[in-house]
Each structure stands twice: as structure tokens, then as C-alpha cells.
file my_file.pdb (PDB, C-alpha atoms, pLDDT in the B column)
ATOM      1  CA  MET W 288      75.401 102.879 106.389  1.00 29.00           C
ATOM      2  CA  ARG W 289      75.753  99.149 105.812  1.00 28.00           C
ATOM      3  CA  ALA W 290      78.531  98.389 103.343  1.00 29.00           C
ATOM      4  CA  PHE W 291      80.753  95.337 103.220  1.00 25.00           C
ATOM      5  CA  LEU W 292      84.458  94.672 102.797  1.00 28.00           C
ATOM      6  CA  ASP W 293      85.590  93.632  99.326  1.00 29.00           C
ATOM      7  CA  LEU W 294      88.759  91.576  99.583  1.00 26.00           C
ATOM      8  CA  ALA W 295      88.992  90.651  95.920  1.00 29.00           C
ATOM      9  CA  ALA W 296      91.219  93.404  94.542  1.00 31.00           C
ATOM     10  CA  PRO W 297      94.973  92.750  94.803  1.00 34.00           C
ATOM     11  CA  VAL W 298      96.695  95.506  96.796  1.00 37.00           C
ATOM     12  CA  PRO W 299     100.362  95.776  97.826  1.00 40.00           C
ATOM     13  CA  ARG W 300     101.018  94.420 101.316  1.00 39.00           C
ATOM     14  CA  TRP W 301     102.378  97.616 102.866  1.00 36.00           C
ATOM     15  CA  LEU W 302      99.421  99.652 101.668  1.00 40.00           C
ATOM     16  CA  LEU W 303      96.804  97.529 103.373  1.00 40.00           C
ATOM     17  CA  ALA W 304      98.721  96.763 106.539  1.00 40.00           C
ATOM     18  CA  VAL W 305      97.481  99.851 108.370  1.00 43.00           C
ATOM     19  CA  LEU W 306      93.955  99.867 107.008  1.00 49.00           C
ATOM     20  CA  ALA W 307      91.392 100.590 109.682  1.00 50.00           C
ATOM     21  CA  THR W 308      88.255  99.812 107.774  1.00 49.00           C
ATOM     22  CA  SER W 309      84.933 101.614 107.764  1.00 42.00           C
ATOM     23  CA  PHE W 310      82.944  98.784 106.329  1.00 49.00           C
ATOM     24  CA  CYS W 311      80.235  97.056 108.258  1.00 52.00           C
ATOM     25  CA  ILE W 312      81.685  93.606 108.730  1.00 48.00           C
ATOM     26  CA  SER W 313      80.658  90.609 110.768  1.00 44.00           C
ATOM     27  CA  LEU W 314      83.399  88.858 112.713  1.00 46.00           C
ATOM     28  CA  GLU W 315      83.285  85.778 114.861  1.00 50.00           C
ATOM     29  CA  PRO W 316      83.430  86.724 118.543  1.00 49.00           C
ATOM     30  CA  HIS W 317      86.977  86.651 119.882  1.00 50.00           C
ATOM     31  CA  ARG W 318      87.559  83.862 122.366  1.00 49.00           C
ATOM     32  CA  GLY W 319      89.823  84.188 125.389  1.00 46.00           C
ATOM     33  CA  ALA W 320      89.406  87.837 126.334  1.00 55.00           C
ATOM     34  CA  ALA W 321      87.916  88.823 129.658  1.00 63.00           C
ATOM     35  CA  ASP W 322      84.350  90.034 129.951  1.00 78.00           C
ATOM     36  CA  PRO W 323      83.922  93.680 128.913  1.00 85.00           C
ATOM     37  CA  LEU W 324      84.666  96.249 131.617  1.00 91.00           C
ATOM     38  CA  ALA W 325      82.606  99.423 131.629  1.00 92.00           C
ATOM     39  CA  CYS W 326      84.388 102.757 131.301  1.00 96.00           C
ATOM     40  CA  PRO W 327      83.409 105.693 133.538  1.00 96.00           C
ATOM     41  CA  ASN W 328      81.211 106.631 130.595  1.00 95.00           C
ATOM     42  CA  PRO W 329      78.841 103.622 130.532  1.00 94.00           C
ATOM     43  CA  LEU W 330      78.344 103.916 126.772  1.00 96.00           C
ATOM     44  CA  ILE W 331      81.835 102.446 126.291  1.00 97.00           C
ATOM     45  CA  SER W 332      83.169  99.138 127.579  1.00 97.00           C
ATOM     46  CA  VAL W 333      86.512  97.487 126.890  1.00 97.00           C
ATOM     47  CA  GLU W 334      87.216  93.812 126.321  1.00 96.00           C
ATOM     48  CA  THR W 335      90.844  92.721 126.522  1.00 94.00           C
ATOM     49  CA  ASP W 336      93.158  90.167 128.110  1.00 92.00           C
ATOM     50  CA  ASP W 337      95.231  93.107 129.386  1.00 93.00           C
ATOM     51  CA  PRO W 338      93.219  94.825 132.139  1.00 90.00           C
ATOM     52  CA  GLU W 339      95.912  97.480 132.581  1.00 93.00           C
ATOM     53  CA  LEU W 340      95.054  98.739 129.085  1.00 95.00           C
ATOM     54  CA  THR W 341      91.390  99.382 129.866  1.00 96.00           C
ATOM     55  CA  PRO W 342      91.714 102.769 131.628  1.00 97.00           C
ATOM     56  CA  GLY W 343      93.816 104.109 128.769  1.00 97.00           C
ATOM     57  CA  VAL W 344      91.303 103.013 126.137  1.00 97.00           C
ATOM     58  CA  CYS W 345      88.494 104.617 128.139  1.00 97.00           C
ATOM     59  CA  ALA W 346      90.490 107.832 128.423  1.00 98.00           C
ATOM     60  CA  ILE W 347      91.252 107.934 124.682  1.00 98.00           C
ATOM     61  CA  ALA W 348      87.585 107.498 123.782  1.00 97.00           C
ATOM     62  CA  GLU W 349      86.500 110.120 126.288  1.00 97.00           C
ATOM     63  CA  ALA W 350      89.123 112.637 125.145  1.00 97.00           C
ATOM     64  CA  ALA W 351      87.924 112.244 121.541  1.00 97.00           C
ATOM     65  CA  ARG W 352      84.315 113.136 122.321  1.00 97.00           C
ATOM     66  CA  PRO W 353      84.551 116.943 122.080  1.00 97.00           C
ATOM     67  CA  GLN W 354      86.342 116.818 118.721  1.00 97.00           C
ATOM     68  CA  LEU W 355      83.880 114.272 117.327  1.00 98.00           C
ATOM     69  CA  ALA W 356      80.863 116.142 118.675  1.00 97.00           C
ATOM     70  CA  GLN W 357      82.091 119.360 117.092  1.00 97.00           C
ATOM     71  CA  CYS W 358      81.852 117.561 113.744  1.00 97.00           C
ATOM     72  CA  GLY W 359      78.345 116.253 114.452  1.00 95.00           C
ATOM     73  CA  LEU W 360      79.384 112.792 115.689  1.00 97.00           C
ATOM     74  CA  VAL W 361      77.684 112.005 118.987  1.00 96.00           C
ATOM     75  CA  GLN W 362      77.378 108.552 120.558  1.00 96.00           C
ATOM     76  CA  THR W 363      73.848 107.323 121.257  1.00 94.00           C
ATOM     77  CA  VAL W 364      74.321 103.525 121.378  1.00 95.00           C
ATOM     78  CA  PRO W 365      76.694 101.554 123.666  1.00 96.00           C
ATOM     79  CA  LEU W 366      79.909 100.265 122.094  1.00 96.00           C
ATOM     80  CA  VAL W 367      82.403  97.561 123.014  1.00 97.00           C
ATOM     81  CA  ILE W 368      86.055  98.218 122.169  1.00 97.00           C
ATOM     82  CA  GLU W 369      87.815  94.874 121.891  1.00 95.00           C
ATOM     83  CA  VAL W 370      91.628  94.765 121.910  1.00 95.00           C
ATOM     84  CA  VAL W 371      93.220  91.622 120.485  1.00 92.00           C
ATOM     85  CA  ARG W 372      96.778  90.366 120.149  1.00 87.00           C
ATOM     86  CA  LYS W 373      96.438  89.386 116.505  1.00 80.00           C
ATOM     87  CA  PRO W 374      94.826  91.315 113.655  1.00 67.00           C
ATOM     88  CA  ALA W 375      91.070  90.976 113.339  1.00 56.00           C
ATOM     89  CA  ILE W 376      91.388  90.302 109.611  1.00 52.00           C
ATOM     90  CA  LEU W 377      94.171  88.782 107.546  1.00 44.00           C
ATOM     91  CA  ILE W 378      93.982  89.550 103.846  1.00 45.00           C
ATOM     92  CA  GLY W 379      95.649  87.073 101.555  1.00 44.00           C
ATOM     93  CA  GLY W 380      96.711  85.079 104.585  1.00 42.00           C
ATOM     94  CA  ASP W 381      99.082  87.577 106.172  1.00 44.00           C
ATOM     95  CA  VAL W 382      98.160  91.213 105.493  1.00 45.00           C
ATOM     96  CA  ALA W 383      96.954  92.751 108.730  1.00 57.00           C
ATOM     97  CA  CYS W 384      93.921  94.939 109.221  1.00 78.00           C
ATOM     98  CA  LEU W 385      94.612  96.873 112.416  1.00 88.00           C
ATOM     99  CA  GLY W 386      91.077  97.957 113.191  1.00 90.00           C
ATOM    100  CA  THR W 387      87.494  97.132 112.309  1.00 90.00           C
ATOM    101  CA  TYR W 388      84.002  98.220 113.216  1.00 92.00           C
ATOM    102  CA  ASP W 389      81.264  95.588 113.285  1.00 91.00           C
ATOM    103  CA  CYS W 390      77.977  97.448 112.980  1.00 88.00           C
ATOM    104  CA  GLU W 391      75.871  94.355 113.625  1.00 89.00           C
ATOM    105  CA  ARG W 392      77.435  93.884 117.067  1.00 90.00           C
ATOM    106  CA  THR W 393      78.316  97.575 117.667  1.00 93.00           C
ATOM    107  CA  ARG W 394      81.869  96.455 118.369  1.00 95.00           C
ATOM    108  CA  ILE W 395      85.231  97.972 117.538  1.00 95.00           C
ATOM    109  CA  THR W 396      88.171  95.549 117.300  1.00 93.00           C
ATOM    110  CA  LEU W 397      91.733  96.862 117.482  1.00 94.00           C
ATOM    111  CA  ILE W 398      95.135  95.253 117.612  1.00 92.00           C
ATOM    112  CA  HIS W 399      97.001  95.546 120.933  1.00 93.00           C
ATOM    113  CA  PRO W 400      99.694  98.263 120.980  1.00 94.00           C
ATOM    114  CA  ASP W 401     102.291  95.639 121.946  1.00 93.00           C
ATOM    115  CA  THR W 402     101.814  93.858 118.610  1.00 90.00           C
ATOM    116  CA  ILE W 403     101.023  96.833 116.406  1.00 91.00           C
ATOM    117  CA  GLU W 404     104.599  97.254 115.147  1.00 87.00           C
ATOM    118  CA  GLU W 405     104.832  93.627 114.057  1.00 85.00           C
ATOM    119  CA  ALA W 406     101.571  93.932 112.143  1.00 84.00           C
ATOM    120  CA  LEU W 407     102.692  97.147 110.441  1.00 83.00           C
ATOM    121  CA  GLY W 408     106.143  96.115 109.348  1.00 77.00           C
ATOM    122  CA  PRO W 409     109.121  98.513 109.141  1.00 77.00           C
ATOM    123  CA  ASP W 410     108.365  99.865 105.644  1.00 82.00           C
ATOM    124  CA  ASN W 411     104.900 101.166 106.421  1.00 87.00           C
ATOM    125  CA  PRO W 412     104.760 104.986 106.592  1.00 90.00           C
ATOM    126  CA  PHE W 413     102.620 104.750 109.741  1.00 92.00           C
ATOM    127  CA  ALA W 414     105.560 103.036 111.456  1.00 92.00           C
ATOM    128  CA  VAL W 415     107.059 106.489 112.091  1.00 94.00           C
ATOM    129  CA  ILE W 416     104.302 107.085 114.665  1.00 95.00           C
ATOM    130  CA  PRO W 417     105.028 105.874 118.227  1.00 95.00           C
ATOM    131  CA  ARG W 418     102.870 102.858 118.921  1.00 94.00           C
ATOM    132  CA  ALA W 419     100.945 104.462 121.792  1.00 96.00           C
ATOM    133  CA  ASP W 420     100.012 107.430 119.603  1.00 97.00           C
ATOM    134  CA  LEU W 421      99.129 105.177 116.679  1.00 96.00           C
ATOM    135  CA  PHE W 422      96.927 102.987 118.867  1.00 96.00           C
ATOM    136  CA  ALA W 423      95.151 106.050 120.263  1.00 97.00           C
ATOM    137  CA  SER W 424      94.558 107.356 116.754  1.00 97.00           C
ATOM    138  CA  LEU W 425      93.084 104.010 115.678  1.00 96.00           C
ATOM    139  CA  VAL W 426      90.606 104.201 118.554  1.00 97.00           C
ATOM    140  CA  VAL W 427      89.497 107.595 117.226  1.00 97.00           C
ATOM    141  CA  HIS W 428      89.338 106.306 113.647  1.00 96.00           C
ATOM    142  CA  GLU W 429      87.058 103.396 114.487  1.00 96.00           C
ATOM    143  CA  LEU W 430      85.015 105.436 116.949  1.00 97.00           C
ATOM    144  CA  SER W 431      84.372 107.878 114.100  1.00 97.00           C
ATOM    145  CA  HIS W 432      83.013 105.068 111.941  1.00 95.00           C
ATOM    146  CA  ALA W 433      80.828 103.831 114.768  1.00 96.00           C
ATOM    147  CA  LEU W 434      79.321 107.252 115.413  1.00 96.00           C
ATOM    148  CA  VAL W 435      78.648 107.817 111.725  1.00 95.00           C
ATOM    149  CA  ASP W 436      76.780 104.506 111.763  1.00 93.00           C
ATOM    150  CA  GLN W 437      74.752 105.742 114.752  1.00 93.00           C
ATOM    151  CA  LYS W 438      73.418 108.734 112.824  1.00 90.00           C
ATOM    152  CA  PRO W 439      70.085 107.476 111.428  1.00 83.00           C
ATOM    153  CA  GLU W 440      69.895 110.263 108.868  1.00 79.00           C
ATOM    154  CA  VAL W 441      73.180 109.185 107.221  1.00 77.00           C
ATOM    155  CA  THR W 442      72.203 106.709 104.527  1.00 68.00           C
ATOM    156  CA  GLN W 443      74.207 107.599 101.423  1.00 70.00           C
ATOM    157  CA  LEU W 444      77.758 108.055 102.709  1.00 82.00           C
ATOM    158  CA  ASN W 445      80.033 106.186 100.319  1.00 87.00           C
ATOM    159  CA  ARG W 446      83.316 104.530 101.225  1.00 89.00           C
ATOM    160  CA  ALA W 447      85.479 107.496 100.296  1.00 93.00           C
ATOM    161  CA  ALA W 448      83.384 109.795 102.472  1.00 94.00           C
ATOM    162  CA  GLN W 449      83.429 107.300 105.347  1.00 93.00           C
ATOM    163  CA  GLU W 450      87.211 107.134 105.224  1.00 95.00           C
ATOM    164  CA  TYR W 451      87.535 110.903 104.848  1.00 96.00           C
ATOM    165  CA  VAL W 452      85.674 111.441 108.099  1.00 97.00           C
ATOM    166  CA  ALA W 453      87.565 108.722 109.987  1.00 96.00           C
ATOM    167  CA  TYR W 454      91.038 109.690 108.778  1.00 97.00           C
ATOM    168  CA  ALA W 455      90.413 113.396 109.293  1.00 98.00           C
ATOM    169  CA  MET W 456      89.395 112.682 112.881  1.00 98.00           C
ATOM    170  CA  GLN W 457      92.290 110.240 113.362  1.00 97.00           C
ATOM    171  CA  LEU W 458      94.994 112.661 112.253  1.00 98.00           C
ATOM    172  CA  GLU W 459      93.349 115.646 113.926  1.00 98.00           C
ATOM    173  CA  ALA W 460      93.506 113.761 117.234  1.00 97.00           C
ATOM    174  CA  MET W 461      97.265 113.179 116.953  1.00 97.00           C
ATOM    175  CA  PRO W 462      99.668 115.495 118.791  1.00 97.00           C
ATOM    176  CA  PRO W 463     100.921 117.998 116.163  1.00 98.00           C
ATOM    177  CA  ALA W 464     104.530 116.814 116.356  1.00 98.00           C
ATOM    178  CA  VAL W 465     103.447 113.200 115.865  1.00 97.00           C
ATOM    179  CA  ARG W 466     101.187 114.083 112.968  1.00 97.00           C
ATOM    180  CA  GLN W 467     104.051 115.976 111.349  1.00 97.00           C
ATOM    181  CA  ARG W 468     106.102 112.767 111.286  1.00 96.00           C
ATOM    182  CA  LEU W 469     103.434 111.180 109.105  1.00 96.00           C
ATOM    183  CA  LEU W 470     103.129 114.266 106.901  1.00 96.00           C
ATOM    184  CA  ASP W 471     106.896 114.190 106.381  1.00 95.00           C
ATOM    185  CA  ALA W 472     106.796 110.470 105.553  1.00 94.00           C
ATOM    186  CA  ILE W 473     104.074 110.983 102.924  1.00 93.00           C
ATOM    187  CA  PRO W 474     104.845 114.329 101.274  1.00 87.00           C
ATOM    188  CA  SER W 475     101.963 116.105  99.594  1.00 83.00           C
ATOM    189  CA  SER W 476     101.884 119.605  98.192  1.00 82.00           C
ATOM    190  CA  GLY W 477      99.358 122.000  96.768  1.00 85.00           C
ATOM    191  CA  PRO W 478      95.642 122.227  97.531  1.00 92.00           C
ATOM    192  CA  VAL W 479      93.824 118.877  97.776  1.00 95.00           C
ATOM    193  CA  GLU W 480      91.051 118.644  95.201  1.00 93.00           C
ATOM    194  CA  LEU W 481      87.921 116.639  95.981  1.00 93.00           C
ATOM    195  CA  VAL W 482      88.560 114.415  92.961  1.00 93.00           C
ATOM    196  CA  GLU W 483      91.679 113.115  94.732  1.00 93.00           C
ATOM    197  CA  LEU W 484      89.590 111.886  97.672  1.00 95.00           C
ATOM    198  CA  ASN W 485      88.134 108.860  95.944  1.00 93.00           C
ATOM    199  CA  VAL W 486      87.507 105.232  96.833  1.00 91.00           C
ATOM    200  CA  VAL W 487      90.374 103.959  94.664  1.00 91.00           C
ATOM    201  CA  LEU W 488      92.887 105.895  96.742  1.00 92.00           C
ATOM    202  CA  ALA W 489      91.073 105.170 100.021  1.00 90.00           C
ATOM    203  CA  LEU W 490      91.269 101.407  99.496  1.00 85.00           C
ATOM    204  CA  GLY W 491      94.468 101.161  97.454  1.00 87.00           C
ATOM    205  CA  ALA W 492      96.688 103.609  99.331  1.00 90.00           C
ATOM    206  CA  PRO W 493      95.000 104.417 102.654  1.00 91.00           C
ATOM    207  CA  GLN W 494      98.059 106.159 104.107  1.00 91.00           C
ATOM    208  CA  VAL W 495      98.189 108.591 101.196  1.00 94.00           C
ATOM    209  CA  PHE W 496      94.435 109.078 101.436  1.00 95.00           C
ATOM    210  CA  SER W 497      94.722 109.771 105.166  1.00 96.00           C
ATOM    211  CA  VAL W 498      97.188 112.610 104.618  1.00 96.00           C
ATOM    212  CA  LYS W 499      95.151 114.117 101.795  1.00 96.00           C
ATOM    213  CA  ALA W 500      91.972 113.881 103.855  1.00 97.00           C
ATOM    214  CA  TRP W 501      93.530 115.664 106.823  1.00 97.00           C
ATOM    215  CA  ARG W 502      95.142 118.332 104.632  1.00 97.00           C
ATOM    216  CA  HIS W 503      91.758 119.017 103.029  1.00 97.00           C
ATOM    217  CA  PHE W 504      90.019 118.978 106.424  1.00 98.00           C
ATOM    218  CA  SER W 505      92.576 121.394 107.902  1.00 97.00           C
ATOM    219  CA  THR W 506      92.227 123.884 105.041  1.00 96.00           C
ATOM    220  CA  PRO W 507      90.469 127.056 106.234  1.00 96.00           C
ATOM    221  CA  GLY W 508      86.782 126.916 105.387  1.00 95.00           C
ATOM    222  CA  ASN W 509      86.590 123.102 105.516  1.00 97.00           C
ATOM    223  CA  GLY W 510      87.001 121.353 108.885  1.00 98.00           C
ATOM    224  CA  CYS W 511      83.853 120.264 110.672  1.00 98.00           C
ATOM    225  CA  ASP W 512      81.691 122.340 108.355  1.00 97.00           C
ATOM    226  CA  PHE W 513      82.770 120.109 105.469  1.00 97.00           C
ATOM    227  CA  VAL W 514      82.289 116.935 107.518  1.00 97.00           C
ATOM    228  CA  GLU W 515      78.743 117.956 108.394  1.00 95.00           C
ATOM    229  CA  LYS W 516      78.037 118.699 104.727  1.00 94.00           C
ATOM    230  CA  LEU W 517      79.218 115.166 103.895  1.00 93.00           C
ATOM    231  CA  LEU W 518      77.034 113.679 106.620  1.00 93.00           C
ATOM    232  CA  SER W 519      73.980 115.643 105.485  1.00 91.00           C
ATOM    233  CA  GLY W 520      74.503 114.788 101.819  1.00 89.00           C
ATOM    234  CA  GLU W 521      74.989 118.431 100.849  1.00 91.00           C
ATOM    235  CA  VAL W 522      78.323 117.468  99.279  1.00 91.00           C
ATOM    236  CA  SER W 523      79.699 114.083  98.237  1.00 89.00           C
ATOM    237  CA  LEU W 524      82.973 112.482  97.206  1.00 91.00           C
ATOM    238  CA  VAL W 525      83.291 110.776  93.858  1.00 75.00           C
ATOM    239  CA  LEU W 526      83.491 107.003  93.798  1.00 67.00           C
ATOM    240  CA  ASP W 527      86.204 106.901  91.155  1.00 59.00           C
ATOM    241  CA  PRO W 528      88.815 109.397  89.934  1.00 56.00           C
ATOM    242  CA  ILE W 529      88.091 111.225  86.716  1.00 50.00           C
TER     243      ILE W 529
END

call {"tool": "encode", "arguments": {"input": "my_file.pdb", "output": "C-alpha cells"}}
result
Amino acid sequence: MRAFLDLAAPVPRWLLAVLATSFCISLEPHRGAADPLACPNPLISVETDDPELTPGVCAIAEAARPQLAQCGLVQTVPLVIEVVRKPAILIGGDVACLGTYDCERTRITLIHPDTIEEALGPDNPFAVIPRADLFASLVVHELSHALVDQKPEVTQLNRAAQEYVAYAMQLEAMPPAVRQRLLDAIPSSGPVELVELNVVLALGAPQVFSVKAWRHFSTPGNGCDFVEKLLSGEVSLVLDPI
């Protein structure tokens, strides 16, 4: 899928501050980081000015593989995971995007865990998650997007579906007690209907969308079966709420 980020719509600052976007964007190469270092799995390499972070990033990506593979997401193309000190994208001059996937360069860019709290701000619901756990979950989120992009048969996955897959994988990868902090911070009750999982919510209130996506994913009968139906086109998510 090759979609592009639309920055035109005004969105409250706290809502966008944690957005880890699915859209195929093209960023200027980051200057100043060391050359990429290969992980034990040669399909992943890490580029950062903090070499002590590299083994942890490799381990996070490797630990996510079984969960992602269970949902039909298998890596076939090498990826670089770049970790930067400042957000990859600033929206409106100061709203931080914590993670991106550049499909043209097969590169994930994430903010360093040391600066993640500053980028979030204290009022963001995701601030209840310890920074190490949040960083690890962002790796999984962006890795999900990258592996969806590597599936040649996936051509019609819209933005809502892209974010459903990435947020479901992101929250599923969190330790249960950590995930519960987020669920408590963004209360949601009752069964999640597919009409709620739309692009307006995904882009306008990504934290709320993330919780709804995981709650739907974790409902018996959904899980990876539903993800694979999305990827195959058997089911789809609406673009706009009814």
C-alpha cells in the first residue's frame, strides 16, 4: 500500500502527539547518526547515536516476530530502524509524530526513549505507559506497518485497516499490566462495532482508536483471523463513520 500523510486537517495537539503513522512517507535522511548496525537477524539493522540501545531494539523486533507471523505478517525485505532524538515529523511546528515508516527507503524512524516523554507531554493518555514499554510498543507498531507493506497481495488496505493492524499488534505486545494502564486511562465499554473503527477516529483520536482496535482484536473469534481477513480483503473497515 502506498498512501501519503495528509497534514491539512486541524487536530488537537494531545491527540496527534503519540501518532505512529502508517502512511508511506518520504523523509530526508537523518544526519549525525552512526552507520546502521546489523542485528543478529540480518533482516534488521539499527541506526542510532546511542549504540547501547541497539541490542534492545534488535531484541524487541525479534520478540515480536512470532506474534506478527501468527497474524500473517512475515518479513521478507531488510529494514533499517532509525532512532532519533527529535521527532521525525512536527505537525504545525511543534506536534510530535513519534514513529514513521518510509516505504520508499524501507526505514522505520522512532523517537529515542530518553526524549519520548517530552514529545508526549503530561496530558497524553499514553504517558501512563513507562517509556521503555512505550518505545518497545512503537517498534512493534511500525514493524507491523512495514510487514503489511511487504505483502505484495495487499493492495486495498485503507488507513483505518492499516492502523487497526498496527495498534492491535502494538497493544497485544504490551505486558498485560502495562496495557491495563492505558485501558484505564481511556475507558471504553460494550462490544466494539466495526463502524467505530474508521479513519476519522484513527487520525483524529489515535489513542481512542488504539484501545478500540485492541478490544475488538481481543474479542473471541477475532484476533489474527480478523487481521488476515483484513489483509486478504475478505472484510474491510469503513472510511467514514455512518

call {"tool": "resolve_selection", "arguments": {"input": "my_file.pdb", "expression": "the PyMOL selection byres ((chain W and resi 324) around 8)", "output": "CSV table (one decimal) with C-alpha atoms, in the frame of the given file"}}
result
chain,number,residue,atom,x,y,z
W,322,ASP,CA,84.4,90.0,130.0
W,323,PRO,CA,83.9,93.7,128.9
W,325,ALA,CA,82.6,99.4,131.6
W,326,CYS,CA,84.4,102.8,131.3
W,332,SER,CA,83.2,99.1,127.6
W,333,VAL,CA,86.5,97.5,126.9
W,334,GLU,CA,87.2,93.8,126.3
W,341,THR,CA,91.4,99.4,129.9

call {"tool": "residues_around", "arguments": {"input": "my_file.pdb", "residues": "Gln357 in chain W", "least_positions_apart": "4", "cutoff": "10 Å", "atoms": "only C-alpha atoms", "output": "compact mmCIF listing (two decimals) with C-alpha atoms, in the frame of the given file"}}
result
# COMPACT_ATOMS: atom_id res chain seq x y z
CA ARG W 352 84.32 113.14 122.32
CA PRO W 353 84.55 116.94 122.08
CA VAL W 361 77.68 112.00 118.99
CA GLY W 510 87.00 121.35 108.88
CA CYS W 511 83.85 120.26 110.67
CA ASP W 512 81.69 122.34 108.36
CA VAL W 514 82.29 116.94 107.52
CA GLU W 515 78.74 117.96 108.39

call {"tool": "closest_residue", "arguments": {"input": "my_file.pdb", "among": "W:Glu391, W:Pro342, W:Leu397, W:Leu458", "to": "Glu369 in chain W", "atoms": "all atoms listed in the file"}}
result
W:Leu397

call {"tool": "resolve_selection", "arguments": {"input": "my_file.pdb", "expression": "the PyMOL selection byres ((chain W and resi 496-508) around 7)", "output": "ChimeraX atom specification"}}
result
/W:451,454-455,458,470,479,484,488-489,492-495,509-510

call {"tool": "resolve_selection", "arguments": {"input": "my_file.pdb", "expression": "the PyMOL selection byres ((chain W and resi 520) around 9)", "output": "ChimeraX atom specification"}}
result
/W:441-444,515-519,521-523
